[in-house]
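Source file input_6.txt; content: compact mmCIF, C-alpha atoms.
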```txt
# COMPACT_ATOMS: atom_id res chain seq x y z
CA MET A 1 52.57 10.60 -129.90
CA ARG A 2 53.98 7.98 -127.56
CA ARG A 3 55.49 4.87 -129.16
CA SER A 4 55.97 1.45 -127.58
CA THR A 5 59.27 -0.42 -128.01
CA LEU A 6 57.82 -3.70 -126.81
CA LEU A 7 57.82 -6.63 -129.25
CA LEU A 8 54.23 -7.80 -128.93
CA GLY A 9 54.61 -10.84 -131.15
CA CYS A 10 51.37 -10.11 -132.97
CA VAL A 11 51.12 -7.63 -135.81
CA GLY A 12 47.38 -7.09 -135.33
CA PHE A 13 47.78 -6.33 -131.63
CA ALA A 14 50.67 -3.98 -132.37
CA LEU A 15 48.59 -2.02 -134.87
CA ALA A 16 45.72 -1.77 -132.39
CA ALA A 17 48.07 -0.46 -129.70
CA GLN A 18 49.46 2.12 -132.13
CA ALA A 19 45.94 3.30 -133.04
CA SER A 20 45.05 3.61 -129.36
CA ALA A 21 48.15 5.70 -128.74
CA GLN A 22 47.18 8.02 -131.59
CA ASP A 23 43.65 8.40 -130.21
CA THR A 24 44.99 9.53 -126.82
CA ALA A 25 47.63 11.90 -128.18
CA PRO A 26 47.52 15.24 -126.32
CA PRO A 27 45.82 18.16 -128.08
CA PRO A 28 48.02 20.83 -129.66
CA PRO A 29 49.23 23.44 -127.14
CA LEU A 30 47.70 26.35 -129.10
CA LYS A 31 44.08 26.63 -130.19
CA LEU A 32 42.47 29.41 -132.22
CA THR A 33 38.75 30.06 -131.73
CA GLY A 34 36.38 32.83 -132.69
CA SER A 35 32.82 33.93 -133.35
CA VAL A 36 30.71 36.39 -135.33
CA THR A 37 27.47 37.69 -133.80
CA LEU A 38 24.68 40.00 -134.94
CA VAL A 39 22.90 41.80 -132.06
CA SER A 40 19.87 44.05 -132.35
CA ASP A 41 21.30 46.45 -129.72
CA TYR A 42 24.83 46.53 -128.31
CA ARG A 43 24.49 47.02 -124.55
CA PHE A 44 27.59 47.48 -122.38
CA ARG A 45 26.83 47.22 -118.66
CA GLY A 46 23.24 48.15 -119.39
CA LEU A 47 24.02 51.13 -121.64
CA THR A 48 23.50 51.17 -125.41
CA GLN A 49 26.58 51.69 -127.54
CA THR A 50 24.64 51.87 -130.83
CA ASP A 51 21.74 54.25 -130.06
CA GLY A 52 19.48 51.19 -129.83
CA GLY A 53 20.52 49.97 -133.28
CA PRO A 54 22.15 46.72 -134.42
CA ALA A 55 25.81 45.75 -134.26
CA VAL A 56 28.02 43.15 -135.89
CA GLN A 57 30.57 41.78 -133.43
CA GLY A 58 33.52 39.46 -133.79
CA THR A 59 35.89 37.73 -131.38
CA LEU A 60 39.17 35.94 -131.96
CA ASN A 61 41.03 34.06 -129.21
CA LEU A 62 44.36 32.26 -129.10
CA ASN A 63 44.48 29.88 -126.15
CA HIS A 64 47.49 28.00 -124.79
CA SER A 65 47.18 24.72 -122.92
CA SER A 66 48.84 26.36 -119.91
CA GLY A 67 45.79 28.59 -119.45
CA LEU A 68 47.33 31.71 -120.98
CA TYR A 69 45.35 33.44 -123.74
CA VAL A 70 45.16 36.58 -125.86
CA GLY A 71 42.25 37.83 -127.92
CA THR A 72 40.27 40.66 -129.42
CA PHE A 73 36.65 41.81 -129.64
CA VAL A 74 35.46 44.15 -132.41
CA SER A 75 32.10 45.89 -132.75
CA ASN A 76 30.56 48.84 -134.51
CA ILE A 77 29.35 51.62 -132.19
CA ASP A 78 27.62 54.98 -132.56
CA GLY A 79 30.07 57.81 -131.93
CA THR A 80 28.17 60.45 -133.91
CA GLY A 81 26.79 62.14 -130.80
CA THR A 82 23.37 60.45 -130.92
CA THR A 83 24.66 58.14 -128.20
CA PRO A 84 25.85 60.92 -125.83
CA ALA A 85 28.39 58.93 -123.80
CA LEU A 86 30.24 57.98 -127.03
CA ALA A 87 30.25 61.34 -128.82
CA GLY A 88 33.53 61.62 -130.71
CA TYR A 89 34.48 57.96 -130.22
CA GLY A 90 34.07 57.05 -133.89
CA GLN A 91 32.25 54.06 -135.31
CA THR A 92 34.41 51.16 -134.08
CA GLU A 93 35.36 49.64 -130.73
CA ILE A 94 38.30 47.23 -130.52
CA ASP A 95 39.03 45.46 -127.26
CA LEU A 96 42.42 43.79 -126.85
CA TYR A 97 42.97 41.46 -123.93
CA GLY A 98 45.27 38.88 -122.46
CA GLY A 99 45.03 36.77 -119.36
CA TYR A 100 45.19 33.45 -117.60
CA THR A 101 42.47 30.94 -116.70
CA HIS A 102 42.65 27.81 -114.57
CA SER A 103 40.05 25.28 -113.46
CA PHE A 104 40.22 23.24 -110.25
CA HIS A 105 37.61 21.10 -108.44
CA GLY A 106 34.68 22.67 -110.30
CA ALA A 107 35.94 26.22 -109.87
CA THR A 108 37.43 28.41 -112.59
CA PHE A 109 39.64 31.47 -112.10
CA ASP A 110 40.06 33.98 -114.90
CA GLY A 111 42.12 37.17 -114.75
CA GLY A 112 43.79 39.53 -117.18
CA LEU A 113 44.02 42.99 -118.69
CA LEU A 114 41.67 44.69 -121.18
CA TYR A 115 42.47 47.62 -123.45
CA TYR A 116 39.59 49.58 -124.97
CA TYR A 117 40.65 51.14 -128.28
CA TYR A 118 38.55 53.47 -130.47
CA PRO A 119 40.48 53.94 -133.73
CA GLY A 120 38.02 56.39 -135.29
CA GLY A 121 37.86 58.85 -132.42
CA LEU A 122 38.11 62.60 -132.99
CA LYS A 123 41.67 63.87 -133.23
CA GLY A 124 42.78 65.17 -129.86
CA GLN A 125 40.01 63.41 -127.93
CA ASN A 126 41.22 60.89 -125.38
CA THR A 127 39.11 57.74 -125.53
CA ASP A 128 41.25 54.68 -124.78
CA TYR A 129 41.96 53.07 -121.41
CA PHE A 130 43.13 49.89 -119.68
CA GLU A 131 41.02 47.78 -117.33
CA PRO A 132 42.30 44.78 -115.32
CA TYR A 133 39.72 42.09 -114.55
CA ALA A 134 39.30 38.96 -112.46
CA SER A 135 36.50 36.47 -111.86
CA LEU A 136 35.84 33.22 -110.02
CA GLY A 137 33.22 30.75 -111.18
CA TYR A 138 31.88 27.49 -109.85
CA THR A 139 29.86 24.77 -111.59
CA ILE A 140 27.72 22.01 -110.07
CA GLY A 141 26.01 19.89 -112.69
CA PRO A 142 23.84 22.16 -114.88
CA ILE A 143 24.19 25.15 -112.52
CA ALA A 144 27.02 27.68 -112.81
CA ALA A 145 27.71 30.85 -110.83
CA LYS A 146 30.34 33.56 -111.16
CA VAL A 147 31.46 36.72 -109.38
CA GLY A 148 33.95 39.20 -110.78
CA ALA A 149 35.31 42.71 -110.88
CA ASN A 150 36.86 45.08 -113.44
CA TYR A 151 38.91 48.06 -112.26
CA ALA A 152 40.13 50.96 -114.39
CA TRP A 153 42.62 53.06 -112.46
CA GLY A 154 42.41 56.83 -112.38
CA GLY A 155 44.84 59.04 -114.23
CA GLN A 156 44.27 57.45 -117.64
CA LYS A 157 43.44 60.07 -120.24
CA GLY A 158 40.52 58.07 -121.59
CA LEU A 159 38.83 58.36 -118.17
CA ASP A 160 39.59 62.02 -117.56
CA PHE A 161 36.00 63.27 -117.29
CA THR A 162 36.14 65.39 -114.10
CA ALA A 163 38.65 67.20 -111.90
CA GLY A 164 38.77 64.16 -109.61
CA LYS A 165 40.63 60.87 -109.71
CA ASP A 166 38.33 59.33 -112.35
CA ASP A 167 38.93 55.70 -111.55
CA ASP A 168 36.13 53.17 -112.05
CA ILE A 169 35.15 49.80 -110.67
CA TYR A 170 32.55 47.34 -111.92
CA VAL A 171 31.52 44.38 -109.76
CA TYR A 172 29.04 41.73 -110.82
CA GLY A 173 27.51 38.37 -110.10
CA GLU A 174 25.68 35.97 -112.35
CA ALA A 175 24.17 32.51 -112.35
CA SER A 176 23.02 30.18 -115.12
CA ILE A 177 21.28 26.86 -115.48
CA ALA A 178 21.19 24.51 -118.45
CA VAL A 179 17.62 23.33 -119.02
CA PRO A 180 17.73 19.49 -119.01
CA ARG A 181 17.21 17.74 -122.35
CA THR A 182 17.17 21.03 -124.26
CA PRO A 183 19.85 23.23 -125.90
CA VAL A 184 18.69 26.18 -123.76
CA THR A 185 20.58 27.91 -120.95
CA LEU A 186 18.99 30.55 -118.70
CA LYS A 187 21.18 33.22 -117.10
CA GLY A 188 20.71 36.12 -114.71
CA HIS A 189 23.20 38.95 -114.17
CA VAL A 190 23.49 41.94 -111.84
CA GLY A 191 26.31 44.49 -111.82
CA HIS A 192 27.27 47.78 -110.17
CA THR A 193 29.34 50.58 -111.70
CA ALA A 194 31.00 53.23 -109.53
CA GLY A 195 33.31 55.96 -110.79
CA SER A 196 34.02 57.72 -114.05
CA LEU A 197 32.09 55.25 -116.23
CA GLY A 198 29.07 55.69 -113.96
CA LEU A 199 28.59 59.39 -114.67
CA ASP A 200 25.09 58.75 -115.92
CA ASN A 201 23.73 62.13 -114.85
CA PRO A 202 26.46 64.72 -114.22
CA SER A 203 23.90 67.36 -113.22
CA LEU A 204 23.12 65.20 -110.18
CA ALA A 205 26.79 64.41 -109.47
CA ASP A 206 25.75 60.77 -109.76
CA ASP A 207 28.65 58.44 -110.53
CA ASN A 208 27.20 55.00 -109.83
CA TYR A 209 24.35 52.78 -110.98
CA TRP A 210 23.10 49.18 -111.07
CA ASP A 211 22.38 47.09 -114.14
CA TRP A 212 20.67 43.73 -114.40
CA SER A 213 19.63 41.33 -117.12
CA ALA A 214 17.92 38.00 -117.83
CA ASN A 215 18.94 35.90 -120.81
CA ALA A 216 17.83 32.75 -122.61
CA GLU A 217 20.20 31.20 -125.14
CA ALA A 218 19.99 28.09 -127.33
CA VAL A 219 23.08 26.49 -128.88
CA GLY A 220 23.11 23.96 -131.68
CA GLY A 221 26.54 23.05 -133.05
CA PRO A 222 28.34 26.28 -133.97
CA ILE A 223 25.10 28.31 -134.00
CA LYS A 224 23.66 30.22 -131.05
CA VAL A 225 20.52 32.36 -130.74
CA GLY A 226 19.35 34.29 -127.73
CA VAL A 227 17.16 36.99 -126.26
CA THR A 228 18.05 39.31 -123.36
CA TYR A 229 16.08 41.67 -121.14
CA VAL A 230 18.27 44.42 -119.63
CA ASP A 231 17.60 47.39 -117.36
CA THR A 232 19.34 49.88 -115.03
CA ASP A 233 18.35 52.01 -112.06
CA ILE A 234 19.42 55.23 -113.82
CA THR A 235 16.81 57.89 -113.19
CA GLU A 236 13.79 58.11 -115.48
CA ALA A 237 13.13 61.72 -114.48
CA ASN A 238 12.21 63.54 -117.71
CA ARG A 239 12.66 60.14 -119.41
CA PHE A 240 16.42 60.63 -118.87
CA ALA A 241 17.43 56.97 -119.01
CA ARG A 242 15.23 56.07 -121.96
CA ARG A 243 16.26 59.07 -124.05
CA LEU A 244 19.94 58.15 -123.63
CA GLY A 245 19.45 54.43 -124.28
CA ARG A 246 19.97 53.49 -120.65
CA GLY A 247 16.52 52.21 -119.74
CA SER A 248 14.93 48.80 -120.04
CA THR A 249 14.89 46.97 -123.36
CA VAL A 250 14.79 43.54 -124.94
CA PHE A 251 17.27 42.61 -127.66
CA GLY A 252 18.08 39.49 -129.60
CA TYR A 253 21.17 38.01 -131.20
CA VAL A 254 22.35 35.22 -133.46
CA GLY A 255 25.94 34.06 -133.83
CA VAL A 256 28.23 31.42 -135.22
CA SER A 257 31.46 30.17 -133.63
CA PHE A 258 34.48 28.37 -135.05
```

Using C-alpha cells, write down the structure from this file.
Amino acid sequence: MRRSTLLLGCVGFALAAQASAQDTAPPPPLKLTGSVTLVSDYRFRGLTQTDGGPAVQGTLNLNHSSGLYVGTFVSNIDGTGTTPALAGYGQTEIDLYGGYTHSFHGATFDGGLLYYYYPGGLKGQNTDYFEPYASLGYTIGPIAAKVGANYAWGGQKGLDFTAGKDDDIYVYGEASIAVPRTPVTLKGHVGHTAGSLGLDNPSLADDNYWDWSANAEAVGGPIKVGVTYVDTDITEANRFARRLGRGSTVFGYVGVSF
C-alpha cells in the first residue's frame, strides 16, 4: 500500500486519502482458484472417457500476476476395457500443466505444457505422455473467438501404438457469444485430430477424425450449469462409432467454482 508523506492539514482529508490508497492497492501476486463439476458423460475431443457414464471432475490453478500459472485437472475414467481406447488405464486421469498467458488489445495468448497421468494403469502398460499447447483468442464485446493447437511428439511410450512415429496433433477453433441481459453463453467448437490419438479404426488404418460441439452455459455467482451436443465423423459402419462411445450425444453438467 502506498503512503503519502504530505501534511494535508486536515485529519478528515488525510483519512479519506488513506482509505482511497487502500482501495487501489494492487492485488496479491498469487491467486488460487478451482472448481468441482459433475458431468453426465466425460467427452475428450468427442470421445467418451467413461463409457457414456458420469464423471466428477476437479481443477485447481495457481496463477501469478506475471501471467505464469500451474494447475491440475482430475477426473474419473473407465479403464476396465468397456471403453476400448482406455483399456488398462485405470479409473483416474490426472492432468498436470503449467504455462503462460498474456492479454493485449483484446487478444489473449495462452501456451504451456500438459502431462497426462493415469496412476491406476496396469503394471507395465505405458499410458502417460506430454503435450505442449498454444492458443490465441480475441474478444469484441460479447463475442469471443479462439484458435489453438496441441502437439504430442512421437517417441513417447504412452503414444507407442504402432510401428510408426506415433506423434499426434489436435487443432481447433471455437467461438462464443454472451446472450445480452442473460447469464447464458452460447459456444461452438470444431477440432481435428491426426496421429496416434486418432486411431479410431485401426482396421481401416484411419488415424484422423473431426469432432464438433455446440454448448449453452449459464453462470450465476460460483454456480454454472450447461448442456452440450457433441459428435464426430468417425464411421458408423456396423454402428462402430456409437458402440465405442464416439458418436453423437447430448450431455449436461453442473459445477461450482471458488

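Between CA of Gly98 in chain A and CA of Trp153 in chain A the separation is 17.6 Å.
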
Determine, for each residue of range 147-179 of chain A having at least one atom at most 10 Å from an atom of range 213-222 of chain A, the closest pair of atoms and their separation in Å to one decimal, counting all atoms listed in the file; order by chain and ascending number, as CSV.
```
residue,atom,partner,partner_atom,distance
A:Glu174,CA,A:Ser213,CA,9.4
A:Ala175,CA,A:Ala214,CA,10.0
A:Ser176,CA,A:Asn215,CA,9.0
A:Ile177,CA,A:Ala216,CA,9.9
A:Ala178,CA,A:Glu217,CA,9.5
A:Val179,CA,A:Ala218,CA,9.9
```

Review point. So how far away is CA of Ala145 in chain A from CA of His102 in chain A, in Å?
Key: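 According to the coordinates, CA of His102 in chain A and CA of Ala145 in chain A are separated by 15.7 Å.
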
Check your understanding: A:Gln91, A:Thr50, A:Ser196, A:Ser257: which is nearest Tyr117 in chain A, counting all atoms listed in the file?
Key ->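 Among the listed residues, the smallest separation from Tyr117 in chain A belongs to A:Gln91.
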
Review point. How many Å lie between CA of Val74 in chain A and CA of Gly255 in chain A, rounded to one decimal?
Key: 13.9 Å

Point to revise | Nearest residue to Tyr115 in chain A from the set A:Pro180, A:Gly195, A:Gly137, A:Gly71 (distances using all atoms listed in the file) | key: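 Of A:Pro180, A:Gly195, A:Gly137, A:Gly71, the one nearest Tyr115 in chain A is A:Gly71, counting all atoms listed in the file.
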
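All residues of protein, DNA or RNA that reach within 8 Å of Leu197 in chain A, judged by all atoms listed in the file and not counting those fewer than 3 positions away in the chain, are Leu159, Asp168, Thr193, Ala194, Asp200 and Asp207 of chain A.
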
Could you save those same residues with C-alpha atoms as a PDB file, keeping the file's coordinate frame?
```pdb
ATOM      1  CA  LEU A 159      38.830  58.360-118.170  1.00  0.00           C
ATOM      2  CA  ASP A 168      36.130  53.170-112.050  1.00  0.00           C
ATOM      3  CA  THR A 193      29.340  50.580-111.700  1.00  0.00           C
ATOM      4  CA  ALA A 194      31.000  53.230-109.530  1.00  0.00           C
ATOM      5  CA  ASP A 200      25.090  58.750-115.920  1.00  0.00           C
ATOM      6  CA  ASP A 207      28.650  58.440-110.530  1.00  0.00           C
TER       7      ASP A 207
END
```

**Study point:** Nearest candidate to Glu131 in chain A (options A:Asp233, A:Lys146, A:Gly99, A:Val250; using only C-alpha atoms)
**Key:** A:Gly99

Practice item. Determine, counting all atoms listed in the file, which protein, DNA and RNA residues have an atom within 12 Å of an atom of Pro132 in chain A; residues of the same chain fewer than 4 positions away are not included. Present the result as a ChimeraX atom specification. Key: /A:96-100,110-116,148-153,168-170

**Study point:** Closest of A:Ile234, A:Leu186, A:Ala85, A:Val227 to Tyr253 in chain A - atom-to-atom distances counting only C-alpha atoms
**Key:**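 So, comparing all the options, the nearest one is A:Val227.
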
Practice item. Identify, on the basis of only C-alpha atoms, every residue whose closest approach to range 60-62 of chain A does not exceed 6 Å; exclude the query and any residue fewer than 2 positions from it along the same chain; express the result as a PyMOL selection string. Key: chain A and resi 31-34+69-72

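Closest approach to Tyr89 in chain A among A:Thr108, A:Ser103, A:Thr127, A:Thr182: A:Thr127, based on only C-alpha atoms.
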